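Participant: Below is a structure I'd like to ask you about.
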Amino acid sequence: MNLDDLISEYAGIEGRLADPSVHADQNLARRLGKRYAELRPIVETYRDLSATVDDLAAARELAGEDEAFAAEAVELEKRREALEERLRQLLVPRDPSDGKDVILEVKAGEGGEESALFAGDLLRMYLRYAEREGWKTEVLDSHPSDLGGYKDVTVAVKAKGGQDEGVWTRLKFEGGVHRVQRVPATESQGRIHTSAVGVLVTPEAEDVDVQVDPNDLRIDVYRSSGPGGQSVNTTDSAVRITHVPTGVVVSCQNEKSQLQNKEQALRILRSRLLAMAQEEADAAASAERKSQVRTVDRSERVRTYNYPENRISDHRVGYKAYNLDQVLDGDLHNVTQALVDADMERRLAEAQGS
C-alpha cells in the first residue's frame, strides 16, 4: 500500500472506532485498535512533515528580509530531513507479527542447578523490563527447581491498549541460547562456571489466527508437582495437551483448576502452531526461528552475561556494555534497541535493493 492508501485506511479505522456498535465485538475492536496504533506513527509523521515543509517554504521566502527566518530555515531543513528518514523507515515492510503480544519461554539447559538459577534471573529481568515498558505479564506455567530457580517457565507478555509498538517488536530477538559466566551459589571454591539457558519467543496467537480442531487434541490430566517431584496438589489438575497432527505437546500445572490449566495450555499451543504456520509460509523466518534454540548448548549462544566483568555481550550485532547489573534489573532497552536497529538496517537495504 502507498502512503495515500495508508492515510485513507487510518481515517476509515478512526471512523469505525468512533462507532459504538463496533465495540460490541471485542475481537473486532481489538484488531482495529491494533491496526490504528500501527498506522498512527506513519500518519502523525506525515502530518509533521507536511507542516514542516510548509513552514520551511515560508521561512525561506522571508529569509531575505529577516535573518531570524534564515536561521529558522536551517533548523527546519534539519527537521525535514529527520522526518523524511523516519517516514522512510516507517514505510518499510514490517514483520506481520510486530503488533502482537508474545509467549516467552525460559528453559534451563547445560549447567544443572546453576542453569536453573540463571533461568530465574532471566525471568526476573524480563518481568522488570516489561514493567518499565508498561506491559502486562502473566506466568502461564512454571516448574521450579530445588534451589529456587526454574527448570522452565512460560510467561505471556501483553502491551497495553494504544501503544504504538507490539511486544513482539522488542522481544522477538530474545530467542536463542543465553550464556552466563559467574561463580555459582553452589560453588564452594569460588571458581567461575559457564552454563546456558534457552529462551524461545513466539507471537501470541488469537482465535482468528489459528483454528484448533478439538478432534485433533489428546488431553491428559495428572497431579502437578513441585521441586524434587513432590505433589503440590491432591487432585488431577495439571493438563497435558498433544496436538496429534503436528506432535506439539504443551503442559500446564500452575493453576488450581483443571479448566484454567487447559485454557493456559491452549494459549501456548495456539502460539506454537502460529509460529509453525509462519515458518512454513516463509523459509527465511523458518531458518531464523528454528535457530532460536536447537540445543541449549554453551556454544550456540546469542548473548553472554559475564558477572565478574559486569559485562553483557550480544554476539549477533557486536553489542557490548558494562552495566550487567542494571540490565538484569530490567534496563534492557539499549540491548533490544541495538537489535531493532540492526534489523531496520537490513530491511532498509532489502527495500532499496528490490
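Lettering and numbering for the C-alpha cells are positional, with chains as A, B, ... in the shown order, residues counted from 1 in each chain, and ligands counted from 1 in the shown order.
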Can you tell me, as a list of chain:residue names, what residues are no more than 10 Å from Asn323 of chain A when counting only C-alpha atoms, ignoring any on the same chain fewer than 3 positions away?
Facilitator: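 Counting only the stated atoms, we get A:Tyr307, A:Glu309, A:Asn310, A:Arg311, A:Ile312, A:Lys320, A:Gln326, A:Val327, A:Leu328, A:Asp331.
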Participant: Please, could you write that set of residues out with N, CA and C atoms as a PDB file, in the first residue's frame?
Facilitator:
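Saved as part_9.pdb:
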ATOM      1  N   TYR A 307      29.434 -12.021  34.788  1.00  0.00           N
ATOM      2  CA  TYR A 307      29.303 -11.368  36.088  1.00  0.00           C
ATOM      3  C   TYR A 307      30.603 -10.752  36.595  1.00  0.00           C
ATOM      4  N   GLU A 309      33.021  -9.319  35.109  1.00  0.00           N
ATOM      5  CA  GLU A 309      33.317  -8.057  34.420  1.00  0.00           C
ATOM      6  C   GLU A 309      32.097  -7.134  34.344  1.00  0.00           C
ATOM      7  N   ASN A 310      30.957  -7.573  34.898  1.00  0.00           N
ATOM      8  CA  ASN A 310      29.710  -6.807  34.817  1.00  0.00           C
ATOM      9  C   ASN A 310      29.388  -6.469  33.363  1.00  0.00           C
ATOM     10  N   ARG A 311      29.648  -7.451  32.468  1.00  0.00           N
ATOM     11  CA  ARG A 311      29.550  -7.217  31.028  1.00  0.00           C
ATOM     12  C   ARG A 311      28.436  -8.044  30.406  1.00  0.00           C
ATOM     13  N   ILE A 312      27.708  -7.411  29.471  1.00  0.00           N
ATOM     14  CA  ILE A 312      26.726  -8.114  28.654  1.00  0.00           C
ATOM     15  C   ILE A 312      27.136  -7.952  27.196  1.00  0.00           C
ATOM     16  N   LYS A 320      28.081  -4.531  23.168  1.00  0.00           N
ATOM     17  CA  LYS A 320      28.768  -4.824  24.417  1.00  0.00           C
ATOM     18  C   LYS A 320      28.600  -3.639  25.371  1.00  0.00           C
ATOM     19  N   GLN A 326      22.501  -3.525  35.882  1.00  0.00           N
ATOM     20  CA  GLN A 326      21.324  -2.725  35.526  1.00  0.00           C
ATOM     21  C   GLN A 326      20.433  -3.477  34.527  1.00  0.00           C
ATOM     22  N   VAL A 327      21.063  -4.171  33.576  1.00  0.00           N
ATOM     23  CA  VAL A 327      20.288  -4.939  32.594  1.00  0.00           C
ATOM     24  C   VAL A 327      19.469  -6.009  33.298  1.00  0.00           C
ATOM     25  N   LEU A 328      20.083  -6.734  34.222  1.00  0.00           N
ATOM     26  CA  LEU A 328      19.370  -7.787  34.944  1.00  0.00           C
ATOM     27  C   LEU A 328      18.264  -7.223  35.826  1.00  0.00           C
ATOM     28  N   ASP A 331      16.798  -3.030  32.860  1.00  0.00           N
ATOM     29  CA  ASP A 331      17.194  -1.956  31.945  1.00  0.00           C
ATOM     30  C   ASP A 331      17.719  -2.570  30.653  1.00  0.00           C
TER      31      ASP A 331
END
Participant: Taking the backbone alone, and naming residues the way the document does, which bits of segment 111-333 of chain A are strand (DSSP E or B) by DSSP, as a PyMOL selection string?
Facilitator: chain A and resi 136-144+150-158+176-182+193-203+217-222+225+231+238-243+248-252+303-306+311-314+319-321
Participant: Pick the closest to His143 of chain A from A:Gln189, A:Ser50, A:Asn254, A:Thr45: which is it, counting only C-alpha atoms?
Facilitator: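 Distance minimum relative to His143 of chain A lands on A:Asn254.
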Participant: I'd like to know which of A:Val239, A:Glu65, A:Leu123, A:Thr52 is closest to Asp329 of chain A, using only C-alpha atoms.
Facilitator: A:Leu123
Participant: Can you tell me which residues surround Ala71 of chain A at a distance of at most 9 Å, considering only C-alpha atoms, apart from same-chain residues fewer than 5 positions away, and format the answer as a PDB file with N, CA, C and O atoms, in the first residue's frame?
Facilitator:
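Written file, out22.pdb:
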ATOM      1  N   ALA A  59       9.665  30.220   5.645  1.00  0.00           N
ATOM      2  CA  ALA A  59      10.884  30.782   6.236  1.00  0.00           C
ATOM      3  C   ALA A  59      11.873  31.189   5.149  1.00  0.00           C
ATOM      4  O   ALA A  59      12.529  32.238   5.250  1.00  0.00           O
ATOM      5  N   ALA A  63      13.410  34.889   4.469  1.00  0.00           N
ATOM      6  CA  ALA A  63      14.799  34.957   4.939  1.00  0.00           C
ATOM      7  C   ALA A  63      15.533  36.184   4.406  1.00  0.00           C
ATOM      8  O   ALA A  63      16.421  36.728   5.078  1.00  0.00           O
ATOM      9  N   LEU A  76      14.638  24.141  10.290  1.00  0.00           N
ATOM     10  CA  LEU A  76      13.510  23.442   9.668  1.00  0.00           C
ATOM     11  C   LEU A  76      13.989  22.448   8.612  1.00  0.00           C
ATOM     12  O   LEU A  76      13.391  21.381   8.429  1.00  0.00           O
TER      13      LEU A  76
END
Participant: Using only C-alpha atoms, find the one residue out of A:Ala24, A:Ala342, A:Ala82, A:Arg240 that sits nearest to Asp48 of chain A.
Facilitator: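 For Asp48 of chain A, the nearest of the given residues is A:Ala82.
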Participant: For the alpha helix (DSSP H) assignment from backbone DSSP, which residues of segment 123-354 of chain A qualify? Please present them as a ChimeraX atom specification.
Facilitator: /A:123-133,167-171,258-281,283-290,324-328,333-353
Participant: I'd like to know which of A:Leu56, A:Val199, A:Leu217, A:Ala156 is closest to Arg79 of chain A, using only C-alpha atoms.
Facilitator: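 Of all the options, A:Leu56 lies closest to Arg79 of chain A.
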